[in-house]
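All remarks here apply to the structure that follows.
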Amino acid sequence: MEATIKRDTVRQDHFRNLAIIAHVDHGKTTLVDGMLKQSGVFHERQTVEERVLDRNDLERERGITIMAKNIAVTYQGYKLNIVDTPGHADFGGEVERIVQMVDGVLLLVDASEGPMPQTRFVLRKALAAGLVPIVVINKIDRPNARLDEALDEVLDLFIDLGATSSQLDFPVVYTNAKAGTATHDPEQPGANLKPLFDLIVSTIPAPAGDPDHPLQLGVTLIDYDTYVGRQAIGRIHQGAIRNKQDVVVLGVDGVPRRQRLAGLYVFDGLKKIPVEEAAAGEIVVVVGLDEINVCETIADPEAPEPLSFVQIDEPTVAVTFLVNKSPFAGREGDFATSRKLGERLTRELESDVSLRVQPSDSPDAFLVAGRGELHLSILIETMRREGYEFEVSRPQVIEREIKGVICEPVEEVVIEAPEAYVGVIMEHLGPRKSTMVNMQPGADGQVRMEFHVPTRGLFGFRSEFLTNTKGTGVMYQSFHHYAPLAGEIPARLRGSLVAFEDGESTGYGLENAQERGDLFVGAGVPVYAGMIVGEHARTGDLAINVCKKKRLTNMRSSTADLGIKLTPPRQLSLEQCLEFIGDDELLEVTPQNLRMRKAMQPYIPR
Ligand SMILES: Nc1nc2c(ncn2[C@@H]2O[C@H](COP(=O)(O)OP(=O)(O)OP(=O)(O)O)[C@@H](O)[C@H]2O)c(=O)[nH]1
Ligand SMILES: [Mg+2]
């Protein structure tokens with residue numbers, strides 16, 4: 001938004017607007033807990049759950065932040081508007097927008113891990129937006145914390161990203177977010193977060209903006225509330241805004257829309273409190289502008305002038321969403337039509353600017369592009385919980401022509417694993433067209449390796465990696481650059497076990513099937529011809545009759561099943577299903593079930 005704002009005009013001295021950015025799990029949301037607690041937001045005896053901001057179901061289940069969220073605390077007369085951001089690479093789009101709302105960032109770095117791929121990504125965005133950084137070395141209580149190395153690596157990262165000399169002069173504070181303590185000297189343990197609060201007030205500049213200028217409010221986040229409807233969250237860059245006033249919304253499409261505010265709020269602790277007026281520098285919530293989207297400007301009707309928003313990185317991965325056409329279609333979901341599917345996907349676009357939805361040649365299929373498999377799988381999971389049923393195709397990477405050459409996305413992958421597994425990791429990454437860029441021994445026999453791998457080559461790698469390292473390895477990936485196509489990458493080696501007719505799986509049928517591979521279903525499960533019931537132990541598919549009943553002798557069939565020993569089926573998660581399905585296969589998603597099937601219909605076993 002630099003273009004229209006002179007950051008050095010009038011400053012709103014009692015505000016500080018900042019975001020907390022970091023790689024996934026480095027402790028952002030936990031630090032917010034501490035800041036909320038120590039600024040007296042909760043009553044003395046109130047029990048507060050951990051990571052209180054991660055309140056949506058999927059966030060709590062997965063222990064990660066998916067959506068950025070605002071809070072505000074008061075410290076010594078200053079109002080600190082703080083934005084917690086997601087650290088997972090797939091939700092990097094949130095961070096890209098938020099840097100436009102704040103003047104400074106807390107760059108959190110885990111003291112034992114040091115900077116990781118997403119640290120680089122978020123710091124690059126923050127530096128490019130000209131934000132003032134404070135480096136927070138967190139988790140200093142961990143036994144393998146290495147404060148000096150971590151800090152050195154952060155400094156290298158700043159230099160590498162071309163930080164200006166004043167950005168390089170960043171202050172550092174050491175924290176234990178879990179205990180809620182900060183200190184300037186790691187030898188002297190802190191007692192509370194006061195050193196951090198003081199640093200925020202003294203280093204992050206007060207927001208610029210002239211309250212007498214015509215209104216310009218940049219919308220950065222959208223929230224919903226069943227009570228008040230659509231809420232636009234953004235910063236007032238210039239001027240002031242009054243509740244119930246008329247405004248003009250300058251849309252991304254360039255068409256101005258005149259509308260009236262129905263409510264105006266500011267953040268206070270975890271809450272939004274109604275106000276009659278707010279001015280430049282403040283971050284506000286605006287209600288009543290029905291169609292409002294992110295990256296739009298709310299402006300003065302007399303002198304409407306748009307803010308310029310920075311370009312958001314393009315999506316790298318796409319899946320096709322299709323109307324469910326499996327033999328079980330329409331049985332389990334509340335919304336299943338092409339119209340419902342299209343409307344829901346379009347709605348998602350309004351709040352998620354890093355997503356793209358394109359109609360396809362068929363009215364029943366939509367191409368949905370996002371930042372990564374998790375970005376898309378969270379959307380799939382959210383929709384299925386809302387009652388939608390549909391099918392999705394295998395994820396594809398989005399190629400792009402650069403200077404006449406077809407290029408594909410390449411990810412930076414950081415792997416940490418015990419030394420003993422280096423061989424097997426290399427063996428599996430090799431055929432995936434990876435390039436090793438760094439390898440160094442870490443603490444306790446661990447090795448840290450950095451690779452560049454085409455995004456395409458990483459599909460299906462994670463589960464293989466976890467198996468190969470017996471769950472001891474960690475792996476992070478983040479989009480790095482586009483490069484010319486790397487050549488052919490071998491597809492999944494093992495085929496699918498495919499049910500051969502409609503019916504219900506039986507112990508007897510499954511017992512035969514399990515000799516041919518790993519099963520995904522147990523006994524008594526409704527199946528249809530063409531449904532994938534397991535992974536074949538060899539290449540190529542195998543059609544198999546899992547509904548077969550033992551010919552009745554004089555025993556009843558249920559008793560006949562008693563002697564059967566079935567290995568418990570492998571339950572694939574949504575992400576694992578997306579990784580498993582091949583080009584000629586689909587994943588059927590309903591509120592109750594995930595089923596994989598051959599796309600061909602009717603299914604004719606070969
Ligand atoms: N030992 C220790 N653990 C911490 C500290 N800070 C955070 N943690 C733990 O680290 C884990 C991740 O913390 P979060 O606050 O969810 O991390 P985050 O950066 O918000 O993660 P994302 O939002 O998913 O990127 C949690 O289990 C925290 O309890 C710390 O200072 N010391
Ligand atoms: Mg978080």
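Chain labels run A, B, ... following the order of the structure tokens; each chain numbers its residues from 1, and ligands are numbered from 1 in the order shown.
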
Residues of chain A at most 7 Å from ligand 1: nearest atom pair and distance in Å, only C-alpha atoms and all ligand atoms, as a Markdown table:
| residue | atom | partner | partner_atom_place_in_ligand_line | distance |
| --- | --- | --- | --- | --- |
| A:Ala22 | CA | ligand 1 | 19 (O) | 6.2 |
| A:His23 | CA | ligand 1 | 25 (O) | 5.8 |
| A:Val24 | CA | ligand 1 | 25 (O) | 3.2 |
| A:Asp25 | CA | ligand 1 | 21 (O) | 3.4 |
| A:His26 | CA | ligand 1 | 19 (O) | 4.1 |
| A:Gly27 | CA | ligand 1 | 17 (O) | 3.4 |
| A:Lys28 | CA | ligand 1 | 19 (O) | 3.8 |
| A:Thr29 | CA | ligand 1 | 20 (O) | 3.7 |
| A:Thr30 | CA | ligand 1 | 15 (O) | 3.6 |
| A:Leu31 | CA | ligand 1 | 15 (O) | 6.4 |
| A:Arg51 | CA | ligand 1 | 15 (O) | 6.1 |
| A:Gly63 | CA | ligand 1 | 16 (O) | 6.1 |
| A:Ile64 | CA | ligand 1 | 24 (O) | 3.2 |
| A:Thr65 | CA | ligand 1 | 23 (O) | 3.7 |
| A:Ile66 | CA | ligand 1 | 23 (O) | 6.9 |
| A:Thr85 | CA | ligand 1 | 23 (O) | 6.4 |
| A:Pro86 | CA | ligand 1 | 23 (O) | 4.3 |
| A:Gly87 | CA | ligand 1 | 25 (O) | 3.2 |
| A:His88 | CA | ligand 1 | 25 (O) | 5.4 |
| A:Asn138 | CA | ligand 1 | 31 (O) | 5.1 |
| A:Lys139 | CA | ligand 1 | 31 (O) | 3.3 |
| A:Ile140 | CA | ligand 1 | 31 (O) | 6.1 |
| A:Asp141 | CA | ligand 1 | 32 (N) | 5.6 |
| A:Arg142 | CA | ligand 1 | 1 (N) | 5.2 |
| A:Thr175 | CA | ligand 1 | 31 (O) | 6.0 |
| A:Asn176 | CA | ligand 1 | 31 (O) | 3.3 |
| A:Ala177 | CA | ligand 1 | 31 (O) | 3.9 |
| A:Lys178 | CA | ligand 1 | 5 (C) | 4.5 |
| A:Ala179 | CA | ligand 1 | 31 (O) | 6.7 |

Q. Which of range 108-340 of chain A counts as strand (DSSP E) under DSSP, as a ChimeraX atom specification please?
A. /A:108-110,132-138,172-176,181-183,216-225,229-238,240-242,246-250,256-260,263-268,271-274,277-279,283-287,297-299,317-322

Please write the residues from the selection above to a file, keeping C-alpha atoms, as an mmCIF file, in the first residue's frame.
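Resulting contents of result_20.cif:
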data_model
loop_
_atom_site.group_PDB
_atom_site.id
_atom_site.type_symbol
_atom_site.label_atom_id
_atom_site.label_comp_id
_atom_site.auth_asym_id
_atom_site.auth_seq_id
_atom_site.Cartn_x
_atom_site.Cartn_y
_atom_site.Cartn_z
ATOM 1 C CA LEU A 108 9.910 -15.734 16.246
ATOM 2 C CA VAL A 109 12.620 -18.336 15.862
ATOM 3 C CA ASP A 110 12.728 -21.621 17.744
ATOM 4 C CA VAL A 132 10.484 -2.936 11.411
ATOM 5 C CA PRO A 133 11.531 -6.347 12.771
ATOM 6 C CA ILE A 134 12.139 -7.507 16.323
ATOM 7 C CA VAL A 135 13.809 -10.920 16.549
ATOM 8 C CA VAL A 136 12.393 -13.159 19.260
ATOM 9 C CA ILE A 137 14.424 -16.274 20.017
ATOM 10 C CA ASN A 138 11.792 -18.538 21.581
ATOM 11 C CA VAL A 172 16.739 -9.323 19.960
ATOM 12 C CA VAL A 173 14.807 -10.689 22.891
ATOM 13 C CA TYR A 174 14.849 -14.229 24.283
ATOM 14 C CA THR A 175 11.579 -15.821 25.366
ATOM 15 C CA ASN A 176 9.966 -18.823 26.885
ATOM 16 C CA THR A 181 8.899 -14.779 30.158
ATOM 17 C CA ALA A 182 11.286 -12.612 28.143
ATOM 18 C CA THR A 183 14.838 -11.442 28.767
ATOM 19 C CA GLN A 216 -8.921 5.121 3.192
ATOM 20 C CA LEU A 217 -9.356 1.765 4.911
ATOM 21 C CA GLY A 218 -7.643 -1.310 3.463
ATOM 22 C CA VAL A 219 -9.498 -4.583 4.044
ATOM 23 C CA THR A 220 -7.091 -7.379 4.930
ATOM 24 C CA LEU A 221 -9.196 -10.094 6.567
ATOM 25 C CA ILE A 222 -12.800 -11.231 6.399
ATOM 26 C CA ASP A 223 -14.577 -12.845 9.304
ATOM 27 C CA TYR A 224 -18.103 -14.184 9.693
ATOM 28 C CA ASP A 225 -20.410 -14.025 12.614
ATOM 29 C CA GLY A 229 -22.801 -11.395 9.182
ATOM 30 C CA ARG A 230 -19.800 -10.492 7.156
ATOM 31 C CA GLN A 231 -17.092 -8.497 8.899
ATOM 32 C CA ALA A 232 -14.273 -6.680 7.160
ATOM 33 C CA ILE A 233 -11.088 -6.231 9.166
ATOM 34 C CA GLY A 234 -8.513 -3.696 8.142
ATOM 35 C CA ARG A 235 -6.473 -0.719 9.025
ATOM 36 C CA ILE A 236 -7.480 2.894 8.617
ATOM 37 C CA HIS A 237 -4.611 4.284 6.595
ATOM 38 C CA GLN A 238 -5.964 7.796 6.283
ATOM 39 C CA ALA A 240 -11.520 8.672 10.117
ATOM 40 C CA ILE A 241 -14.613 6.511 9.979
ATOM 41 C CA ARG A 242 -17.945 6.897 11.810
ATOM 42 C CA ASP A 246 -21.925 6.164 3.944
ATOM 43 C CA VAL A 247 -18.794 4.915 2.298
ATOM 44 C CA VAL A 248 -17.658 3.850 -1.122
ATOM 45 C CA VAL A 249 -16.123 0.435 -1.526
ATOM 46 C CA LEU A 250 -13.522 0.402 -4.242
ATOM 47 C CA PRO A 256 -17.129 1.571 -6.799
ATOM 48 C CA ARG A 257 -20.084 0.548 -4.629
ATOM 49 C CA ARG A 258 -21.800 3.007 -2.313
ATOM 50 C CA GLN A 259 -22.867 1.430 0.970
ATOM 51 C CA ARG A 260 -23.661 2.236 4.575
ATOM 52 C CA GLY A 263 -21.493 -1.381 12.788
ATOM 53 C CA LEU A 264 -17.974 -0.384 13.722
ATOM 54 C CA TYR A 265 -15.756 -2.189 16.206
ATOM 55 C CA VAL A 266 -12.186 -2.166 17.490
ATOM 56 C CA PHE A 267 -10.266 -5.015 19.103
ATOM 57 C CA ASP A 268 -9.979 -5.244 22.844
ATOM 58 C CA LYS A 271 -13.193 -9.243 21.914
ATOM 59 C CA LYS A 272 -14.483 -6.743 19.423
ATOM 60 C CA ILE A 273 -16.073 -3.756 21.095
ATOM 61 C CA PRO A 274 -18.431 -1.306 19.364
ATOM 62 C CA GLU A 277 -15.673 6.503 15.538
ATOM 63 C CA ALA A 278 -12.092 5.490 14.762
ATOM 64 C CA ALA A 279 -9.237 7.245 13.036
ATOM 65 C CA ILE A 283 -7.367 -1.493 13.111
ATOM 66 C CA VAL A 284 -11.135 -1.814 12.911
ATOM 67 C CA VAL A 285 -13.931 -4.248 12.119
ATOM 68 C CA VAL A 286 -16.626 -2.968 9.793
ATOM 69 C CA VAL A 287 -20.053 -4.589 9.539
ATOM 70 C CA THR A 297 -10.584 -0.131 -0.110
ATOM 71 C CA ILE A 298 -13.310 1.486 1.983
ATOM 72 C CA ALA A 299 -13.177 5.149 1.039
ATOM 73 C CA VAL A 317 -1.150 -26.775 -6.825
ATOM 74 C CA ALA A 318 -4.630 -27.514 -8.171
ATOM 75 C CA VAL A 319 -7.290 -30.175 -7.840
ATOM 76 C CA THR A 320 -10.523 -30.578 -9.757
ATOM 77 C CA PHE A 321 -13.698 -30.533 -7.670
ATOM 78 C CA LEU A 322 -16.422 -32.578 -9.339
#

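When CA of Arg124 in chain A is paired with CA of Phe158 in chain A, their separation reads 8.5 Å.
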
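Look at Arg456 in chain A: the protein and nucleic acid residues within 9 Å of it, using only C-alpha atoms and passing over chain neighbours fewer than 4 places away, are A:Val317, A:Pro395, A:Gln396, A:Val397, A:Glu408, A:Pro409, A:Val410, A:Arg432, A:Ile489.
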
Q) Just how far from CA of Tyr78 in chain A is CA of Asn192 in chain A, in Å to one decimal? A) 18.1 Å

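Put simply, CA of Ala513 in chain A is 24.5 Å away from CA of Gln592 in chain A.
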
Q.
Among range 214-403 of chain A, which ones does DSSP assign to helix (DSSP H, G or I) (computed from the backbone)? Answer as a PyMOL selection string.
A. chain A and resi 338-351+373-385

**Q.** Among listed residues A:Leu53, A:Leu36, A:Ala128, A:Ala491, nearest ligand 2 (using only C-alpha atoms and all ligand atoms)
**A.** A:Leu53

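The shortest atom-to-atom distance to Gly430 in chain A, with only C-alpha atoms taken into account, belongs to A:Pro490 out of A:Gly445, A:Pro490, A:Gly114, A:Gly372.
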
Q) Which residue gives the smallest distance to Leu196 in chain A among A:Ala163, A:Met35, A:Leu123, A:Val533, with only C-alpha atoms counted? A) A:Met35
